Amino acid sequence: MKFFDPHIHMSARTTDDYEAMAKNGIAAVCEPAFWVGEPRTHVGTYEDYLHSIIGWERFRASQFGVHHFCAVSLNPREANNPEIASGVIELLPRYLHKEGVLAIGEIGFDDMTHEEEKYFLLQLEMAKKYRMPVIIHTPHRNKKQGTERSIALVREVGVPEDSVVIDHNTEETLPVVLYQCGCWAGHTIYPKTKMSAERMVKLVEKYGTDRVIVNSSADWGVSDPLNVPKTCDLMRGQGFAEERLERLFWHNPINFFRHGPNFDVEVLETRPLVDQRLNWQGNTVLRGQDPVVDSGCAKK
Amino acid sequence: MSVFSQVVRFREPGWSHVQEEIASLRKDFDLDRFLACFAWVKKCLEIETPDALGALSEAISIDLRSWSADEMGRAHFLLSFADFPEERFRDIVEKCYRYGDNREQIAVLKALSLFPHREAFLPIALSACRSNVIPVFAALALNNPYPAAVFAAHAFDNLVLKAIFVGLPLPAIVGLSERKNRELAQMVEDWIDEREAANRPVIPEIWPLVCPFAGESRLARAYRYLAGADVGHRRAVALALGQTANPRHLPHLAERLKSETQTEVKTAIEDAISSIEAMTGREKK
């Protein structure tokens, strides 16, 4: 069975992770733009980061047979940073139509400040104008209020709700998303915080798979890039039918992202050909190993 | 000389150099030399009279027992320029924070409430609230009078919530009792809901924030913890209920007292009952 992890920060992960992900069936990922642990202090640094998730990271993933897509945005935390916020917003439209850019995200709230709301609204308007799907980050603290306010803003701007995923849900917020609006509900499976695999199983048993998405959000913190297949294994063990699992872990993310103009769904039918002889701007993922070369790659 | 002169000893030969730099920079300011000296000053002093820290802490209303020598040295260094025009001093402090490593940022945050025109440093403080480097956030959140004195309600409430999230000790947040409010209580109640749904523990220190504002269903939860298995929660709920003038708590406290075996909890319950009775007795008058 193939998996699509629709929310994972691969630029913080190693090639060991890519190898393990590929081995465990993860065929595609989407990497939303987020912050890097320390606040960025130059618009240029942020722009370089967008370049890296559109370019280098896409190549790096392909070297292990994983399709890499991304979402671009001014993330909620750095919306509070006056040194870069307006500058990043100005350059975003340049990147919305790049190859592999599926959505605007992550946007939303972190501390629910005035500045966060201002840039949240601007990016929702951008999504509406360019018909892009939206990945909304709900705050880790004050999550219920953040979720409700996010839904209100989506409605205020008039972004089609079925092209919005409200992410990082919990038992408190999932019914809000499923019953109070038409948005998708994302869930992040973390080893110790946020949602656990066991709790996710119970939620799917209770609420079904319609408009439900599961991701690992693996990043630079304690997180597991294999949590999507691991959650699937848990559900399989509890008797979930294969068709249901395929729907939840493969078709749901695809059906969410296909609301946007940049998603070439057909590419997912085949795994990227791995040719580790290739370089990206002179860079290789190898450090002395023999390159893996799929049959079907051009002879050197 | 700053207040820290009373408790620190400046090491030579380094400190003379720092004094010379201060004098030179006051005449002819250069940012790069200033930042270099700010970084370097930590090596030049040590706390000479730790016993005097308590008295000094009382005098300036900042708990210096949580400060290190390098933090005092850097605060002393910054205060040497505090008589500069407001905008200039603010710019200097911002640069120290912006270009600072973690230890330097911590020193700036701890010293904020000592600076004149302290509202001017609000952007630095709010930036620290977003830091993922917990010691940097803690330098602002704990044992620091600045947030309670300067933050608007929303910012202060979020600081408290983040402190809960990252496991910092709530009793060390200066002014928390005076600034508790209904919105913060709701945020904390929502957090408890999430923790309970995830079968994760709740810290006892939150009860003083929620009990004064709890409605019917939320009080039922507090009473549940009062009767629960955890000693820390039983004691904390009793103390929190005792701070309200609400006689409806009395039957629940009395009921718990009958079966309570832990001395510290029994004392807390008895004190709570006395306190509520006294407060409601006063009101009746």
# chains A, B, ... in the order shown; residues from 1 in each chain; ligands from 1
call {"tool": "closest_atom_pairs", "arguments": {"of": "chain B", "to": "chain A", "cutoff": "12 Å", "atoms": "only C-alpha atoms", "output": "CSV"}}
result
residue,atom,partner,partner_atom,distance
B:Arg98,CA,A:Thr41,CA,8.8
B:Tyr99,CA,A:Thr41,CA,10.3
B:Asp101,CA,A:Glu38,CA,11.3
B:Asn102,CA,A:Glu38,CA,11.0
B:Pro123,CA,A:Asn81,CA,9.5
B:Ile124,CA,A:Asn81,CA,10.8
B:Leu126,CA,A:Asn80,CA,9.1
B:Ser127,CA,A:Asn81,CA,8.0
B:Ala128,CA,A:Pro39,CA,10.4
B:Cys129,CA,A:Asp111,CA,9.4
B:Arg130,CA,A:Arg77,CA,7.4
B:Ser131,CA,A:Glu38,CA,7.5
B:Asn132,CA,A:Gly37,CA,6.7
B:Val133,CA,A:Glu38,CA,8.6
B:Ile134,CA,A:Gly37,CA,11.8
B:Val136,CA,A:Glu38,CA,11.9
B:Ala152,CA,A:Thr113,CA,11.6
B:Ala153,CA,A:Thr113,CA,11.8
B:His154,CA,A:Thr113,CA,8.3
B:Ala155,CA,A:Thr113,CA,8.4
B:Phe156,CA,A:Asp111,CA,11.1
B:Asp157,CA,A:Asp111,CA,10.1
B:Asn158,CA,A:Asp111,CA,6.8
B:Leu159,CA,A:Asp111,CA,9.4
B:Val160,CA,A:Arg141,CA,10.5
B:Leu161,CA,A:Arg141,CA,6.9
B:Lys162,CA,A:Arg141,CA,7.1
B:Ala163,CA,A:Arg141,CA,10.5
B:Ile164,CA,A:Arg141,CA,9.6
B:Phe165,CA,A:Arg141,CA,7.6
B:Val166,CA,A:Arg141,CA,10.6
B:Glu183,CA,A:Asn142,CA,10.6
B:Leu184,CA,A:Asn142,CA,9.8
B:Ala185,CA,A:Asn142,CA,11.2
B:Gln186,CA,A:Asn142,CA,9.1
B:Met187,CA,A:Asn142,CA,5.7
B:Val188,CA,A:Asn142,CA,8.2
B:Glu189,CA,A:Asn142,CA,9.7
B:Asp190,CA,A:Asn142,CA,7.0
B:Trp191,CA,A:Asn142,CA,7.1
B:Ile192,CA,A:Asn142,CA,10.8
B:Asp193,CA,A:Glu172,CA,7.7
B:Glu194,CA,A:Glu172,CA,6.8
B:Arg195,CA,A:Lys194,CA,9.8
B:Glu196,CA,A:Glu171,CA,10.1
B:Ala197,CA,A:Glu171,CA,6.6
B:Ala198,CA,A:Arg199,CA,7.5
B:Asn199,CA,A:Arg199,CA,9.8
B:Arg200,CA,A:Thr193,CA,9.4
call {"tool": "write_last_selection", "arguments": {"atoms": "C-alpha atoms", "output": "PDB file, in the first residue's frame"}}
result
ATOM      1  CA  ARG B  98      19.060  40.868  18.172  1.00  0.00           C
ATOM      2  CA  TYR B  99      22.716  39.882  17.896  1.00  0.00           C
ATOM      3  CA  ASP B 101      23.520  34.461  21.875  1.00  0.00           C
ATOM      4  CA  ASN B 102      21.178  32.691  24.291  1.00  0.00           C
ATOM      5  CA  PRO B 123       8.847  44.259  21.186  1.00  0.00           C
ATOM      6  CA  ILE B 124      11.863  42.491  22.697  1.00  0.00           C
ATOM      7  CA  LEU B 126       7.060  39.811  22.944  1.00  0.00           C
ATOM      8  CA  SER B 127       9.760  38.296  20.731  1.00  0.00           C
ATOM      9  CA  ALA B 128      11.043  36.335  23.724  1.00  0.00           C
ATOM     10  CA  CYS B 129       7.542  34.969  24.239  1.00  0.00           C
ATOM     11  CA  ARG B 130       7.836  33.290  20.855  1.00  0.00           C
ATOM     12  CA  SER B 131      11.229  31.736  21.554  1.00  0.00           C
ATOM     13  CA  ASN B 132      11.529  27.967  21.498  1.00  0.00           C
ATOM     14  CA  VAL B 133      14.687  28.228  23.571  1.00  0.00           C
ATOM     15  CA  ILE B 134      13.091  27.567  26.938  1.00  0.00           C
ATOM     16  CA  VAL B 136      15.287  32.437  27.037  1.00  0.00           C
ATOM     17  CA  ALA B 152      -1.609  43.778  27.932  1.00  0.00           C
ATOM     18  CA  ALA B 153      -4.002  41.035  29.019  1.00  0.00           C
ATOM     19  CA  HIS B 154      -3.780  38.932  25.856  1.00  0.00           C
ATOM     20  CA  ALA B 155       0.025  38.853  25.879  1.00  0.00           C
ATOM     21  CA  PHE B 156       0.214  38.057  29.592  1.00  0.00           C
ATOM     22  CA  ASP B 157      -2.399  35.303  29.336  1.00  0.00           C
ATOM     23  CA  ASN B 158      -0.487  33.717  26.455  1.00  0.00           C
ATOM     24  CA  LEU B 159       2.751  33.903  28.415  1.00  0.00           C
ATOM     25  CA  VAL B 160       1.075  32.011  31.273  1.00  0.00           C
ATOM     26  CA  LEU B 161      -0.392  29.435  28.915  1.00  0.00           C
ATOM     27  CA  LYS B 162       2.971  28.860  27.275  1.00  0.00           C
ATOM     28  CA  ALA B 163       4.584  28.485  30.690  1.00  0.00           C
ATOM     29  CA  ILE B 164       2.026  25.776  31.469  1.00  0.00           C
ATOM     30  CA  PHE B 165       2.714  24.091  28.121  1.00  0.00           C
ATOM     31  CA  VAL B 166       6.474  23.974  28.486  1.00  0.00           C
ATOM     32  CA  GLU B 183     -10.252  34.704  29.713  1.00  0.00           C
ATOM     33  CA  LEU B 184      -7.127  33.081  31.102  1.00  0.00           C
ATOM     34  CA  ALA B 185      -9.295  30.738  33.164  1.00  0.00           C
ATOM     35  CA  GLN B 186     -11.129  29.688  29.981  1.00  0.00           C
ATOM     36  CA  MET B 187      -7.855  29.072  28.133  1.00  0.00           C
ATOM     37  CA  VAL B 188      -6.604  26.925  30.998  1.00  0.00           C
ATOM     38  CA  GLU B 189      -9.899  25.034  31.177  1.00  0.00           C
ATOM     39  CA  ASP B 190      -9.611  24.282  27.440  1.00  0.00           C
ATOM     40  CA  TRP B 191      -6.071  23.042  28.055  1.00  0.00           C
ATOM     41  CA  ILE B 192      -7.323  20.751  30.843  1.00  0.00           C
ATOM     42  CA  ASP B 193      -9.989  19.396  28.456  1.00  0.00           C
ATOM     43  CA  GLU B 194      -7.286  18.558  25.895  1.00  0.00           C
ATOM     44  CA  ARG B 195      -5.012  16.944  28.466  1.00  0.00           C
ATOM     45  CA  GLU B 196      -7.805  14.823  29.911  1.00  0.00           C
ATOM     46  CA  ALA B 197      -8.941  13.730  26.435  1.00  0.00           C
ATOM     47  CA  ALA B 198      -5.372  12.621  25.733  1.00  0.00           C
ATOM     48  CA  ASN B 199      -5.018  10.891  29.155  1.00  0.00           C
ATOM     49  CA  ARG B 200      -2.167  13.235  29.997  1.00  0.00           C
TER      50      ARG B 200
END
call {"tool": "residues_around", "arguments": {"residues": "Ile84 in chain A", "least_positions_apart": "5", "cutoff": "10 Å", "atoms": "only C-alpha atoms", "output": "PyMOL selection string"}}
result
chain A and resi 39-46+74+78-79+89
call {"tool": "select_by_dssp", "arguments": {"residues": "range 122-295 of chain A", "states": "helix (DSSP H, G or I)", "output": "JSON, numbers by chain"}}
result
{"A": [122, 123, 124, 125, 126, 127, 128, 129, 130, 143, 144, 145, 146, 147, 148, 149, 150, 151, 152, 153, 154, 155, 156, 157, 161, 162, 163, 174, 175, 176, 177, 178, 179, 180, 197, 198, 199, 200, 201, 202, 203, 204, 205, 206, 207, 227, 228, 229, 230, 231, 232, 233, 234, 235, 236, 237, 242, 243, 244, 245, 246, 247, 248, 249, 250, 251, 252, 253, 254, 255, 256, 257, 265, 266, 267, 268, 269]}
call {"tool": "residues_around", "arguments": {"residues": "Val66 in chain A", "least_positions_apart": "6", "cutoff": "12 Å", "atoms": "only C-alpha atoms", "output": "NGL selection string"}}
result
:A and (2-5 or 10 or 15 or 17-30 or 57-60 or 267-274)
call {"tool": "atom_distance", "arguments": {"atom1": "CA of His168 in chain A", "atom2": "CA of Ser150 in chain A"}}
result
12.7 Å
call {"tool": "closest_residue", "arguments": {"among": "A:Ala85, A:Cys297, A:Val204, A:Leu91", "to": "Glu115 in chain A", "atoms": "only C-alpha atoms"}}
result
A:Ala85
call {"tool": "residues_around", "arguments": {"residues": "Ser5 in chain B", "least_positions_apart": "5", "cutoff": "12 Å", "atoms": "only C-alpha atoms", "output": "ChimeraX atom specification"}}
result
/B:10,45-49,52-53,56,69,72-73,75-77,79-80
call {"tool": "residues_around", "arguments": {"residues": "Trp67 in chain B", "least_positions_apart": "3", "cutoff": "10 Å", "atoms": "only C-alpha atoms", "output": "ChimeraX atom specification"}}
result
/B:47,53,62-64,70-72,106-107,110,139,143
call {"tool": "write_last_selection", "arguments": {"atoms": "all heavy atoms", "output": "compact mmCIF listing (two decimals), in the first residue's frame"}}
result
# COMPACT_ATOMS: atom_id res chain seq x y z
N ILE B 47 29.91 36.88 41.96
CA ILE B 47 29.02 37.35 43.04
C ILE B 47 29.80 37.24 44.34
O ILE B 47 30.18 36.14 44.77
CB ILE B 47 27.73 36.52 43.08
CG1 ILE B 47 26.95 36.74 41.77
CG2 ILE B 47 26.88 36.91 44.27
CD1 ILE B 47 25.75 35.86 41.60
N LEU B 53 22.10 39.18 48.52
CA LEU B 53 21.18 39.16 47.38
C LEU B 53 19.73 39.29 47.82
O LEU B 53 18.92 39.93 47.16
CB LEU B 53 21.35 37.87 46.57
CG LEU B 53 22.60 37.80 45.70
CD1 LEU B 53 22.63 36.45 44.97
CD2 LEU B 53 22.64 38.93 44.71
N ILE B 62 13.11 42.51 42.52
CA ILE B 62 13.47 41.47 41.53
C ILE B 62 14.23 40.40 42.29
O ILE B 62 15.15 40.72 43.05
CB ILE B 62 14.37 42.03 40.41
CG1 ILE B 62 13.65 43.11 39.62
CG2 ILE B 62 14.84 40.92 39.48
CD1 ILE B 62 14.51 43.75 38.55
N ASP B 63 13.88 39.14 42.07
CA ASP B 63 14.55 38.06 42.80
C ASP B 63 15.90 37.76 42.16
O ASP B 63 16.00 36.99 41.20
CB ASP B 63 13.66 36.81 42.80
CG ASP B 63 14.22 35.74 43.72
OD1 ASP B 63 15.32 35.94 44.29
OD2 ASP B 63 13.57 34.69 43.87
N LEU B 64 16.93 38.36 42.73
CA LEU B 64 18.27 38.21 42.14
C LEU B 64 18.89 36.85 42.44
O LEU B 64 19.93 36.51 41.89
CB LEU B 64 19.19 39.31 42.68
CG LEU B 64 18.81 40.73 42.25
CD1 LEU B 64 19.70 41.74 42.94
CD2 LEU B 64 18.92 40.88 40.74
N ASP B 70 27.19 36.50 35.27
CA ASP B 70 27.31 37.11 33.94
C ASP B 70 26.07 37.96 33.62
O ASP B 70 26.17 38.99 32.95
CB ASP B 70 27.56 36.05 32.85
CG ASP B 70 26.41 35.09 32.68
OD1 ASP B 70 26.06 34.41 33.65
OD2 ASP B 70 25.87 35.01 31.56
N GLU B 71 24.93 37.53 34.12
CA GLU B 71 23.72 38.32 33.89
C GLU B 71 23.79 39.66 34.63
O GLU B 71 23.44 40.70 34.08
CB GLU B 71 22.49 37.52 34.36
CG GLU B 71 22.17 36.36 33.42
CD GLU B 71 21.37 35.25 34.08
OE1 GLU B 71 20.93 35.43 35.24
OE2 GLU B 71 21.20 34.21 33.44
N MET B 72 24.29 39.63 35.86
CA MET B 72 24.43 40.89 36.60
C MET B 72 25.46 41.79 35.92
O MET B 72 25.25 43.00 35.82
CB MET B 72 24.87 40.59 38.03
CG MET B 72 23.78 39.98 38.86
SD MET B 72 24.25 39.94 40.60
CE MET B 72 23.15 38.66 41.17
N ILE B 106 19.23 36.24 27.48
CA ILE B 106 18.70 36.04 28.83
C ILE B 106 19.04 37.24 29.71
O ILE B 106 18.20 37.75 30.46
CB ILE B 106 19.26 34.72 29.42
CG1 ILE B 106 18.58 33.52 28.75
CG2 ILE B 106 19.08 34.67 30.93
CD1 ILE B 106 19.23 32.18 29.07
N ALA B 107 20.27 37.73 29.60
CA ALA B 107 20.68 38.88 30.43
C ALA B 107 19.83 40.11 30.10
O ALA B 107 19.40 40.84 31.00
CB ALA B 107 22.16 39.17 30.21
N LYS B 110 16.22 39.68 31.54
CA LYS B 110 16.12 39.80 32.99
C LYS B 110 16.23 41.24 33.44
O LYS B 110 15.68 41.63 34.47
CB LYS B 110 17.21 38.95 33.65
CG LYS B 110 16.92 37.47 33.60
CD LYS B 110 17.88 36.68 34.47
CE LYS B 110 17.42 35.23 34.57
NZ LYS B 110 18.29 34.42 35.45
N ALA B 139 13.54 33.34 31.10
CA ALA B 139 14.17 34.56 31.62
C ALA B 139 13.16 35.71 31.65
O ALA B 139 13.24 36.61 32.48
CB ALA B 139 15.37 34.95 30.76
N ASN B 143 10.25 34.93 37.63
CA ASN B 143 11.00 35.83 38.53
C ASN B 143 11.30 37.17 37.87
O ASN B 143 12.34 37.78 38.15
CB ASN B 143 12.34 35.17 38.94
CG ASN B 143 12.11 33.83 39.60
OD1 ASN B 143 11.33 33.71 40.54
ND2 ASN B 143 12.75 32.80 39.08
call {"tool": "residues_around", "arguments": {"residues": "Gly158 in chain A", "least_positions_apart": "2", "cutoff": "10 Å", "atoms": "only C-alpha atoms", "output": "ChimeraX atom specification"}}
result
/A:124-125,127-128,152-156,160-161
